[in-house]
file work03.pdb (PDB, C-alpha atoms, pLDDT in the B column)
ATOM      1  CA  MET A   1       0.000   0.000   0.000  1.00 97.00           C
ATOM      2  CA  GLU A   2       1.141   3.529  -0.742  1.00 98.00           C
ATOM      3  CA  MET A   3       0.124   6.625   1.210  1.00 98.00           C
ATOM      4  CA  SER A   4       0.810  10.037  -0.266  1.00 98.00           C
ATOM      5  CA  PHE A   5       0.684  12.915   2.227  1.00 98.00           C
ATOM      6  CA  ARG A   6       0.296  16.129   0.211  1.00 98.00           C
ATOM      7  CA  LYS A   7       1.176  19.439   1.859  1.00 98.00           C
ATOM      8  CA  LEU A   8      -1.452  22.122   1.280  1.00 98.00           C
ATOM      9  CA  PRO A   9      -1.551  25.845   2.128  1.00 97.00           C
ATOM     10  CA  ASP A  10      -2.570  27.085   5.582  1.00 96.00           C
ATOM     11  CA  ASN A  11      -0.995  24.187   7.506  1.00 97.00           C
ATOM     12  CA  GLN A  12      -3.300  21.625   5.869  1.00 98.00           C
ATOM     13  CA  HIS A  13      -2.654  18.288   4.172  1.00 98.00           C
ATOM     14  CA  GLU A  14      -4.547  15.576   2.319  1.00 98.00           C
ATOM     15  CA  ILE A  15      -3.840  11.878   1.969  1.00 98.00           C
ATOM     16  CA  LEU A  16      -4.215   9.561  -1.025  1.00 98.00           C
ATOM     17  CA  VAL A  17      -4.092   5.810  -0.305  1.00 97.00           C
ATOM     18  CA  ARG A  18      -3.502   3.374  -3.188  1.00 97.00           C
ATOM     19  CA  ASP A  19      -2.854  -0.310  -3.710  1.00 95.00           C
ATOM     20  CA  ARG A  20      -4.777  -1.571  -0.709  1.00 93.00           C
ATOM     21  CA  ARG A  21      -7.484  -4.207  -0.438  1.00 89.00           C
ATOM     22  CA  GLY A  22     -10.523  -2.276  -1.582  1.00 84.00           C
ATOM     23  CA  PRO A  23     -10.781   0.949  -3.560  1.00 88.00           C
ATOM     24  CA  ASP A  24      -8.248   3.750  -3.448  1.00 93.00           C
ATOM     25  CA  VAL A  25      -9.309   6.333  -0.875  1.00 94.00           C
ATOM     26  CA  ARG A  26      -8.437   9.883   0.023  1.00 96.00           C
ATOM     27  CA  LEU A  27      -8.707  12.021   3.094  1.00 97.00           C
ATOM     28  CA  PRO A  28      -9.596  15.573   2.042  1.00 97.00           C
ATOM     29  CA  ALA A  29      -7.848  18.609   3.517  1.00 97.00           C
ATOM     30  CA  GLN A  30      -7.164  18.318   7.245  1.00 95.00           C
ATOM     31  CA  PRO A  31      -5.176  20.439   9.720  1.00 96.00           C
ATOM     32  CA  THR A  32      -1.601  19.202   9.854  1.00 95.00           C
ATOM     33  CA  GLY A  33      -0.706  19.793  13.479  1.00 87.00           C
ATOM     34  CA  PRO A  34       2.419  21.241  15.022  1.00 89.00           C
ATOM     35  CA  ALA A  35       4.995  18.881  13.493  1.00 92.00           C
ATOM     36  CA  MET A  36       3.377  16.601  10.901  1.00 97.00           C
ATOM     37  CA  PRO A  37       0.039  14.970  10.020  1.00 98.00           C
ATOM     38  CA  HIS A  38      -1.366  12.714  12.734  1.00 95.00           C
ATOM     39  CA  ASP A  39      -1.854   9.862  10.246  1.00 96.00           C
ATOM     40  CA  LEU A  40       1.803  10.172   9.202  1.00 98.00           C
ATOM     41  CA  VAL A  41       2.728   9.855  12.891  1.00 98.00           C
ATOM     42  CA  HIS A  42       0.683   6.628  12.880  1.00 97.00           C
ATOM     43  CA  ALA A  43       2.579   5.306   9.861  1.00 98.00           C
ATOM     44  CA  VAL A  44       5.940   6.180  11.403  1.00 98.00           C
ATOM     45  CA  VAL A  45       5.281   4.755  14.870  1.00 98.00           C
ATOM     46  CA  GLU A  46       3.419   1.661  13.680  1.00 97.00           C
ATOM     47  CA  SER A  47       6.290   0.917  11.273  1.00 98.00           C
ATOM     48  CA  ALA A  48       8.949   1.496  13.934  1.00 98.00           C
ATOM     49  CA  LEU A  49       7.141  -0.839  16.329  1.00 98.00           C
ATOM     50  CA  GLY A  50       6.379  -3.458  13.665  1.00 97.00           C
ATOM     51  CA  LEU A  51       2.621  -3.111  14.201  1.00 96.00           C
ATOM     52  CA  ASP A  52       0.843  -4.507  11.168  1.00 93.00           C
ATOM     53  CA  ASP A  53      -2.553  -4.629  12.864  1.00 92.00           C
ATOM     54  CA  GLY A  54      -2.945  -0.953  13.831  1.00 93.00           C
ATOM     55  CA  PHE A  55      -4.620   1.888  11.961  1.00 92.00           C
ATOM     56  CA  TRP A  56      -2.641   1.544   8.713  1.00 95.00           C
ATOM     57  CA  GLY A  57      -2.741  -2.253   8.786  1.00 94.00           C
ATOM     58  CA  ALA A  58      -6.530  -2.061   9.031  1.00 91.00           C
ATOM     59  CA  VAL A  59      -6.635   0.417   6.128  1.00 92.00           C
ATOM     60  CA  ALA A  60      -4.436  -1.933   4.065  1.00 94.00           C
ATOM     61  CA  ARG A  61      -6.893  -4.770   4.770  1.00 89.00           C
ATOM     62  CA  GLY A  62      -9.843  -2.681   3.549  1.00 87.00           C
ATOM     63  CA  ALA A  63     -11.066  -0.654   6.526  1.00 85.00           C
ATOM     64  CA  THR A  64     -12.189   2.874   5.760  1.00 81.00           C
ATOM     65  CA  PHE A  65     -12.236   5.305   8.648  1.00 83.00           C
ATOM     66  CA  GLN A  66     -14.352   8.423   9.071  1.00 81.00           C
ATOM     67  CA  GLY A  67     -13.380  11.183   6.662  1.00 87.00           C
ATOM     68  CA  PHE A  68     -11.842   8.907   4.028  1.00 89.00           C
ATOM     69  CA  GLU A  69     -13.729   8.717   0.739  1.00 89.00           C
ATOM     70  CA  PRO A  70     -13.342   6.599  -2.412  1.00 88.00           C
ATOM     71  CA  VAL A  71     -11.216   8.229  -5.112  1.00 91.00           C
ATOM     72  CA  GLY A  72     -13.499   7.129  -7.935  1.00 83.00           C
ATOM     73  CA  PRO A  73     -16.612   5.109  -8.590  1.00 75.00           C
ATOM     74  CA  SER A  74     -16.346   1.633  -7.205  1.00 66.00           C
ATOM     75  CA  ARG A  75     -18.394  -1.502  -7.003  1.00 61.00           C
ATOM     76  CA  HIS A  76     -16.604  -2.234  -3.765  1.00 57.00           C
ATOM     77  CA  ARG A  77     -19.381  -2.377  -1.162  1.00 54.00           C
ATOM     78  CA  ARG A  78     -17.401  -3.656   1.792  1.00 56.00           C
ATOM     79  CA  SER A  79     -17.459  -0.934   4.405  1.00 57.00           C
ATOM     80  CA  GLY A  80     -14.452  -2.221   6.285  1.00 60.00           C
ATOM     81  CA  LEU A  81     -16.519  -2.869   9.395  1.00 55.00           C
ATOM     82  CA  LYS A  82     -15.662  -6.576   9.243  1.00 57.00           C
ATOM     83  CA  VAL A  83     -11.977  -5.674   9.350  1.00 58.00           C
ATOM     84  CA  LEU A  84     -12.555  -3.502  12.396  1.00 60.00           C
ATOM     85  CA  ARG A  85     -14.722  -6.100  14.132  1.00 59.00           C
ATOM     86  CA  ARG A  86     -11.919  -8.632  13.793  1.00 66.00           C
ATOM     87  CA  GLY A  87      -9.063  -6.278  14.659  1.00 62.00           C
ATOM     88  CA  GLY A  88     -10.559  -3.349  16.530  1.00 69.00           C
ATOM     89  CA  ASP A  89      -8.745  -4.115  19.786  1.00 81.00           C
ATOM     90  CA  ALA A  90      -5.392  -4.083  17.982  1.00 84.00           C
ATOM     91  CA  VAL A  91      -6.258  -0.782  16.279  1.00 83.00           C
ATOM     92  CA  LEU A  92      -7.099   0.719  19.665  1.00 84.00           C
ATOM     93  CA  ALA A  93      -3.885  -0.616  21.217  1.00 90.00           C
ATOM     94  CA  ALA A  94      -1.904   0.886  18.333  1.00 92.00           C
ATOM     95  CA  GLU A  95      -3.652   4.222  18.870  1.00 91.00           C
ATOM     96  CA  LEU A  96      -2.516   4.241  22.497  1.00 92.00           C
ATOM     97  CA  SER A  97       1.056   3.345  21.547  1.00 95.00           C
ATOM     98  CA  VAL A  98       1.190   5.989  18.807  1.00 96.00           C
ATOM     99  CA  ASN A  99      -0.197   8.677  21.090  1.00 93.00           C
ATOM    100  CA  TRP A 100       2.250   7.738  23.848  1.00 95.00           C
ATOM    101  CA  ALA A 101       5.246   7.754  21.506  1.00 97.00           C
ATOM    102  CA  TYR A 102       4.207  11.128  20.094  1.00 96.00           C
ATOM    103  CA  ARG A 103       3.614  12.515  23.589  1.00 94.00           C
ATOM    104  CA  VAL A 104       7.115  11.543  24.741  1.00 96.00           C
ATOM    105  CA  TRP A 105       8.718  12.713  21.473  1.00 97.00           C
ATOM    106  CA  SER A 106       6.924  16.068  21.750  1.00 96.00           C
ATOM    107  CA  GLY A 107       8.179  16.609  25.286  1.00 94.00           C
ATOM    108  CA  LEU A 108       4.761  16.427  26.913  1.00 89.00           C
ATOM    109  CA  PRO A 109       4.545  15.033  30.468  1.00 84.00           C
ATOM    110  CA  ALA A 110       4.985  11.277  30.565  1.00 82.00           C
ATOM    111  CA  SER A 111       4.321  10.859  34.266  1.00 82.00           C
ATOM    112  CA  GLY A 112       2.170  12.351  36.959  1.00 79.00           C
ATOM    113  CA  ARG A 113      -1.475  12.596  37.781  1.00 79.00           C
ATOM    114  CA  GLY A 114      -3.837  11.508  35.007  1.00 75.00           C
ATOM    115  CA  VAL A 115      -1.129  10.282  32.624  1.00 74.00           C
ATOM    116  CA  GLY A 116      -1.482   6.548  33.256  1.00 77.00           C
ATOM    117  CA  ARG A 117       0.868   3.620  32.740  1.00 84.00           C
ATOM    118  CA  PRO A 118       3.204   3.848  29.764  1.00 89.00           C
ATOM    119  CA  PRO A 119       2.305   1.364  27.003  1.00 92.00           C
ATOM    120  CA  LEU A 120       5.877   1.520  25.616  1.00 95.00           C
ATOM    121  CA  GLY A 121       9.259   0.795  27.156  1.00 94.00           C
ATOM    122  CA  GLU A 122      12.493   2.734  26.793  1.00 95.00           C
ATOM    123  CA  ALA A 123      13.782   0.686  23.826  1.00 97.00           C
ATOM    124  CA  GLU A 124      10.513   1.195  21.949  1.00 97.00           C
ATOM    125  CA  LEU A 125      10.556   4.916  22.710  1.00 97.00           C
ATOM    126  CA  ALA A 126      14.119   5.172  21.426  1.00 97.00           C
ATOM    127  CA  ARG A 127      13.077   3.510  18.134  1.00 98.00           C
ATOM    128  CA  THR A 128       9.951   5.604  17.712  1.00 98.00           C
ATOM    129  CA  GLY A 129      11.750   8.816  18.709  1.00 98.00           C
ATOM    130  CA  ALA A 130      14.416   8.341  16.056  1.00 98.00           C
ATOM    131  CA  ALA A 131      11.797   7.458  13.449  1.00 98.00           C
ATOM    132  CA  LEU A 132       9.707  10.526  14.352  1.00 98.00           C
ATOM    133  CA  ASP A 133      12.799  12.761  14.118  1.00 98.00           C
ATOM    134  CA  GLU A 134      13.476  11.468  10.608  1.00 98.00           C
ATOM    135  CA  ALA A 135       9.841  11.777   9.496  1.00 98.00           C
ATOM    136  CA  ALA A 136       9.516  15.310  10.884  1.00 98.00           C
ATOM    137  CA  ALA A 137      12.616  16.344   8.920  1.00 98.00           C
ATOM    138  CA  ARG A 138      11.256  14.711   5.765  1.00 98.00           C
ATOM    139  CA  TRP A 139       7.867  16.432   6.200  1.00 98.00           C
ATOM    140  CA  ALA A 140       9.500  19.810   6.859  1.00 98.00           C
ATOM    141  CA  ALA A 141      11.434  19.453   3.589  1.00 98.00           C
ATOM    142  CA  VAL A 142       8.263  18.906   1.525  1.00 98.00           C
ATOM    143  CA  PRO A 143       7.323  22.106  -0.324  1.00 98.00           C
ATOM    144  CA  GLU A 144       3.740  23.317  -0.392  1.00 97.00           C
ATOM    145  CA  GLY A 145       1.946  21.290  -3.063  1.00 98.00           C
ATOM    146  CA  GLY A 146       4.513  18.497  -2.745  1.00 98.00           C
ATOM    147  CA  SER A 147       4.023  15.046  -1.243  1.00 98.00           C
ATOM    148  CA  LEU A 148       5.737  12.676   1.128  1.00 98.00           C
ATOM    149  CA  VAL A 149       5.143   9.093   0.012  1.00 98.00           C
ATOM    150  CA  TRP A 150       5.082   6.296   2.587  1.00 97.00           C
ATOM    151  CA  ARG A 151       4.939   2.638   1.609  1.00 97.00           C
ATOM    152  CA  TRP A 152       3.250   0.142   3.896  1.00 94.00           C
TER     153      TRP A 152
END
call {"tool": "encode", "arguments": {"input": "work03.pdb", "output": "structure tokens"}}
result
Amino acid sequence: MEMSFRKLPDNQHEILVRDRRGPDVRLPAQPTGPAMPHDLVHAVVESALGLDDGFWGAVARGATFQGFEPVGPSRHRRSGLKVLRRGGDAVLAAELSVNWAYRVWSGLPASGRGVGRPPLGEAELARTGAALDEAAARWAAVPEGGSLVWRW
């Protein structure tokens, strides 16, 4: 599967997803965030941790999440709900790991009241931190109108 993160004006981006089970899909313009698109953070962290059953693994298997729309007409009627029913717990676990890795990488508090138990250890945080550093540099180098392509 190939994900193309296109940088748009006004700190926005869009995503085109090709070569997955099911039709090609796109996520129309979304706010990018302080460092890079949230869904790019998912791709980076899930790849660094070897998670093939998280958000992007589910998309590759045919799941379509809110906001994504088919690129063109399709006879594909599978909503992706079956994929999520079978792997929803893994997608949720990946979401927690991605958010934790991003929190630590961003310098947000990783301990204290209301933060909870860390889902990742030091070795995993070292891997995800290095991967996020590299991805943030790659995203920063993309000119407006250009794309960062990620292969899953």
call {"tool": "closest_residue", "arguments": {"input": "work03.pdb", "among": "A:Met1, A:Ala29, A:Glu46, A:Asn11", "to": "Gly62 in chain A", "atoms": "only C-alpha atoms"}}
result
A:Met1
call {"tool": "resolve_selection", "arguments": {"input": "work03.pdb", "expression": "the PyMOL selection byres ((chain A and resi 50) around 12)", "output": "number ranges by chain"}}
result
A: 42-49, 51-54, 56-57, 94, 97-98, 124, 127-128, 152
call {"tool": "atom_distance", "arguments": {"input": "work03.pdb", "atom1": "CA of Gly107 in chain A", "atom2": "CA of Leu148 in chain A"}}
result
24.6 Å
call {"tool": "resolve_selection", "arguments": {"input": "work03.pdb", "expression": "the PyMOL selection byres ((chain A and resi 145) around 6)", "output": "list of chain:residue names"}}
result
A:Lys7, A:Leu8, A:Glu144, A:Gly146
call {"tool": "atom_distance", "arguments": {"input": "work03.pdb", "atom1": "CA of Ala130 in chain A", "atom2": "CA of Ala93 in chain A"}}
result
21.0 Å
call {"tool": "atom_distance", "arguments": {"input": "work03.pdb", "atom1": "CA of Ala141 in chain A", "atom2": "CA of Leu125 in chain A"}}
result
24.0 Å
call {"tool": "closest_residue", "arguments": {"input": "work03.pdb", "among": "A:Leu120, A:Trp150, A:Ala140, A:Arg6", "to": "Asn99 in chain A", "atoms": "only C-alpha atoms"}}
result
A:Leu120
call {"tool": "residues_around", "arguments": {"input": "work03.pdb", "residues": "Ser106 in chain A", "least_positions_apart": "2", "cutoff": "10 Å", "atoms": "only C-alpha atoms", "output": "PyMOL selection string"}}
result
chain A and resi 34-35+100-104+108-109+129+132
call {"tool": "closest_residue", "arguments": {"input": "work03.pdb", "among": "A:Val71, A:Asp89, A:Gly116, A:Phe55", "to": "Val41 in chain A", "atoms": "all atoms listed in the file"}}
result
A:Phe55
call {"tool": "closest_residue", "arguments": {"input": "work03.pdb", "among": "A:Glu95, A:Asp24, A:Asp10, A:Glu122", "to": "Asp39 in chain A", "atoms": "only C-alpha atoms"}}
result
A:Glu95
call {"tool": "decode", "arguments": {"input": "work03.pdb", "residues": "range 27-111 of chain A", "atoms": "C-alpha atoms", "output": "PDB file, in the first residue's frame"}}
result
ATOM      1  CA  LEU A  27      -8.707  12.021   3.094  1.00  0.00           C
ATOM      2  CA  PRO A  28      -9.596  15.573   2.042  1.00  0.00           C
ATOM      3  CA  ALA A  29      -7.848  18.609   3.517  1.00  0.00           C
ATOM      4  CA  GLN A  30      -7.164  18.318   7.245  1.00  0.00           C
ATOM      5  CA  PRO A  31      -5.176  20.439   9.720  1.00  0.00           C
ATOM      6  CA  THR A  32      -1.601  19.202   9.854  1.00  0.00           C
ATOM      7  CA  GLY A  33      -0.706  19.793  13.479  1.00  0.00           C
ATOM      8  CA  PRO A  34       2.419  21.241  15.022  1.00  0.00           C
ATOM      9  CA  ALA A  35       4.995  18.881  13.493  1.00  0.00           C
ATOM     10  CA  MET A  36       3.377  16.601  10.901  1.00  0.00           C
ATOM     11  CA  PRO A  37       0.039  14.970  10.020  1.00  0.00           C
ATOM     12  CA  HIS A  38      -1.366  12.714  12.734  1.00  0.00           C
ATOM     13  CA  ASP A  39      -1.854   9.862  10.246  1.00  0.00           C
ATOM     14  CA  LEU A  40       1.803  10.172   9.202  1.00  0.00           C
ATOM     15  CA  VAL A  41       2.728   9.855  12.891  1.00  0.00           C
ATOM     16  CA  HIS A  42       0.683   6.628  12.880  1.00  0.00           C
ATOM     17  CA  ALA A  43       2.579   5.306   9.861  1.00  0.00           C
ATOM     18  CA  VAL A  44       5.940   6.180  11.403  1.00  0.00           C
ATOM     19  CA  VAL A  45       5.281   4.755  14.870  1.00  0.00           C
ATOM     20  CA  GLU A  46       3.419   1.661  13.680  1.00  0.00           C
ATOM     21  CA  SER A  47       6.290   0.917  11.273  1.00  0.00           C
ATOM     22  CA  ALA A  48       8.949   1.496  13.934  1.00  0.00           C
ATOM     23  CA  LEU A  49       7.141  -0.839  16.329  1.00  0.00           C
ATOM     24  CA  GLY A  50       6.379  -3.458  13.665  1.00  0.00           C
ATOM     25  CA  LEU A  51       2.621  -3.111  14.201  1.00  0.00           C
ATOM     26  CA  ASP A  52       0.843  -4.507  11.168  1.00  0.00           C
ATOM     27  CA  ASP A  53      -2.553  -4.629  12.864  1.00  0.00           C
ATOM     28  CA  GLY A  54      -2.945  -0.953  13.831  1.00  0.00           C
ATOM     29  CA  PHE A  55      -4.620   1.888  11.961  1.00  0.00           C
ATOM     30  CA  TRP A  56      -2.641   1.544   8.713  1.00  0.00           C
ATOM     31  CA  GLY A  57      -2.741  -2.253   8.786  1.00  0.00           C
ATOM     32  CA  ALA A  58      -6.530  -2.061   9.031  1.00  0.00           C
ATOM     33  CA  VAL A  59      -6.635   0.417   6.128  1.00  0.00           C
ATOM     34  CA  ALA A  60      -4.436  -1.933   4.065  1.00  0.00           C
ATOM     35  CA  ARG A  61      -6.893  -4.770   4.770  1.00  0.00           C
ATOM     36  CA  GLY A  62      -9.843  -2.681   3.549  1.00  0.00           C
ATOM     37  CA  ALA A  63     -11.066  -0.654   6.526  1.00  0.00           C
ATOM     38  CA  THR A  64     -12.189   2.874   5.760  1.00  0.00           C
ATOM     39  CA  PHE A  65     -12.236   5.305   8.648  1.00  0.00           C
ATOM     40  CA  GLN A  66     -14.352   8.423   9.071  1.00  0.00           C
ATOM     41  CA  GLY A  67     -13.380  11.183   6.662  1.00  0.00           C
ATOM     42  CA  PHE A  68     -11.842   8.907   4.028  1.00  0.00           C
ATOM     43  CA  GLU A  69     -13.729   8.717   0.739  1.00  0.00           C
ATOM     44  CA  PRO A  70     -13.342   6.599  -2.412  1.00  0.00           C
ATOM     45  CA  VAL A  71     -11.216   8.229  -5.112  1.00  0.00           C
ATOM     46  CA  GLY A  72     -13.499   7.129  -7.935  1.00  0.00           C
ATOM     47  CA  PRO A  73     -16.612   5.109  -8.590  1.00  0.00           C
ATOM     48  CA  SER A  74     -16.346   1.633  -7.205  1.00  0.00           C
ATOM     49  CA  ARG A  75     -18.394  -1.502  -7.003  1.00  0.00           C
ATOM     50  CA  HIS A  76     -16.604  -2.234  -3.765  1.00  0.00           C
ATOM     51  CA  ARG A  77     -19.381  -2.377  -1.162  1.00  0.00           C
ATOM     52  CA  ARG A  78     -17.401  -3.656   1.792  1.00  0.00           C
ATOM     53  CA  SER A  79     -17.459  -0.934   4.405  1.00  0.00           C
ATOM     54  CA  GLY A  80     -14.452  -2.221   6.285  1.00  0.00           C
ATOM     55  CA  LEU A  81     -16.519  -2.869   9.395  1.00  0.00           C
ATOM     56  CA  LYS A  82     -15.662  -6.576   9.243  1.00  0.00           C
ATOM     57  CA  VAL A  83     -11.977  -5.674   9.350  1.00  0.00           C
ATOM     58  CA  LEU A  84     -12.555  -3.502  12.396  1.00  0.00           C
ATOM     59  CA  ARG A  85     -14.722  -6.100  14.132  1.00  0.00           C
ATOM     60  CA  ARG A  86     -11.919  -8.632  13.793  1.00  0.00           C
ATOM     61  CA  GLY A  87      -9.063  -6.278  14.659  1.00  0.00           C
ATOM     62  CA  GLY A  88     -10.559  -3.349  16.530  1.00  0.00           C
ATOM     63  CA  ASP A  89      -8.745  -4.115  19.786  1.00  0.00           C
ATOM     64  CA  ALA A  90      -5.392  -4.083  17.982  1.00  0.00           C
ATOM     65  CA  VAL A  91      -6.258  -0.782  16.279  1.00  0.00           C
ATOM     66  CA  LEU A  92      -7.099   0.719  19.665  1.00  0.00           C
ATOM     67  CA  ALA A  93      -3.885  -0.616  21.217  1.00  0.00           C
ATOM     68  CA  ALA A  94      -1.904   0.886  18.333  1.00  0.00           C
ATOM     69  CA  GLU A  95      -3.652   4.222  18.870  1.00  0.00           C
ATOM     70  CA  LEU A  96      -2.516   4.241  22.497  1.00  0.00           C
ATOM     71  CA  SER A  97       1.056   3.345  21.547  1.00  0.00           C
ATOM     72  CA  VAL A  98       1.190   5.989  18.807  1.00  0.00           C
ATOM     73  CA  ASN A  99      -0.197   8.677  21.090  1.00  0.00           C
ATOM     74  CA  TRP A 100       2.250   7.738  23.848  1.00  0.00           C
ATOM     75  CA  ALA A 101       5.246   7.754  21.506  1.00  0.00           C
ATOM     76  CA  TYR A 102       4.207  11.128  20.094  1.00  0.00           C
ATOM     77  CA  ARG A 103       3.614  12.515  23.589  1.00  0.00           C
ATOM     78  CA  VAL A 104       7.115  11.543  24.741  1.00  0.00           C
ATOM     79  CA  TRP A 105       8.718  12.713  21.473  1.00  0.00           C
ATOM     80  CA  SER A 106       6.924  16.068  21.750  1.00  0.00           C
ATOM     81  CA  GLY A 107       8.179  16.609  25.286  1.00  0.00           C
ATOM     82  CA  LEU A 108       4.761  16.427  26.913  1.00  0.00           C
ATOM     83  CA  PRO A 109       4.545  15.033  30.468  1.00  0.00           C
ATOM     84  CA  ALA A 110       4.985  11.277  30.565  1.00  0.00           C
ATOM     85  CA  SER A 111       4.321  10.859  34.266  1.00  0.00           C
TER      86      SER A 111
END
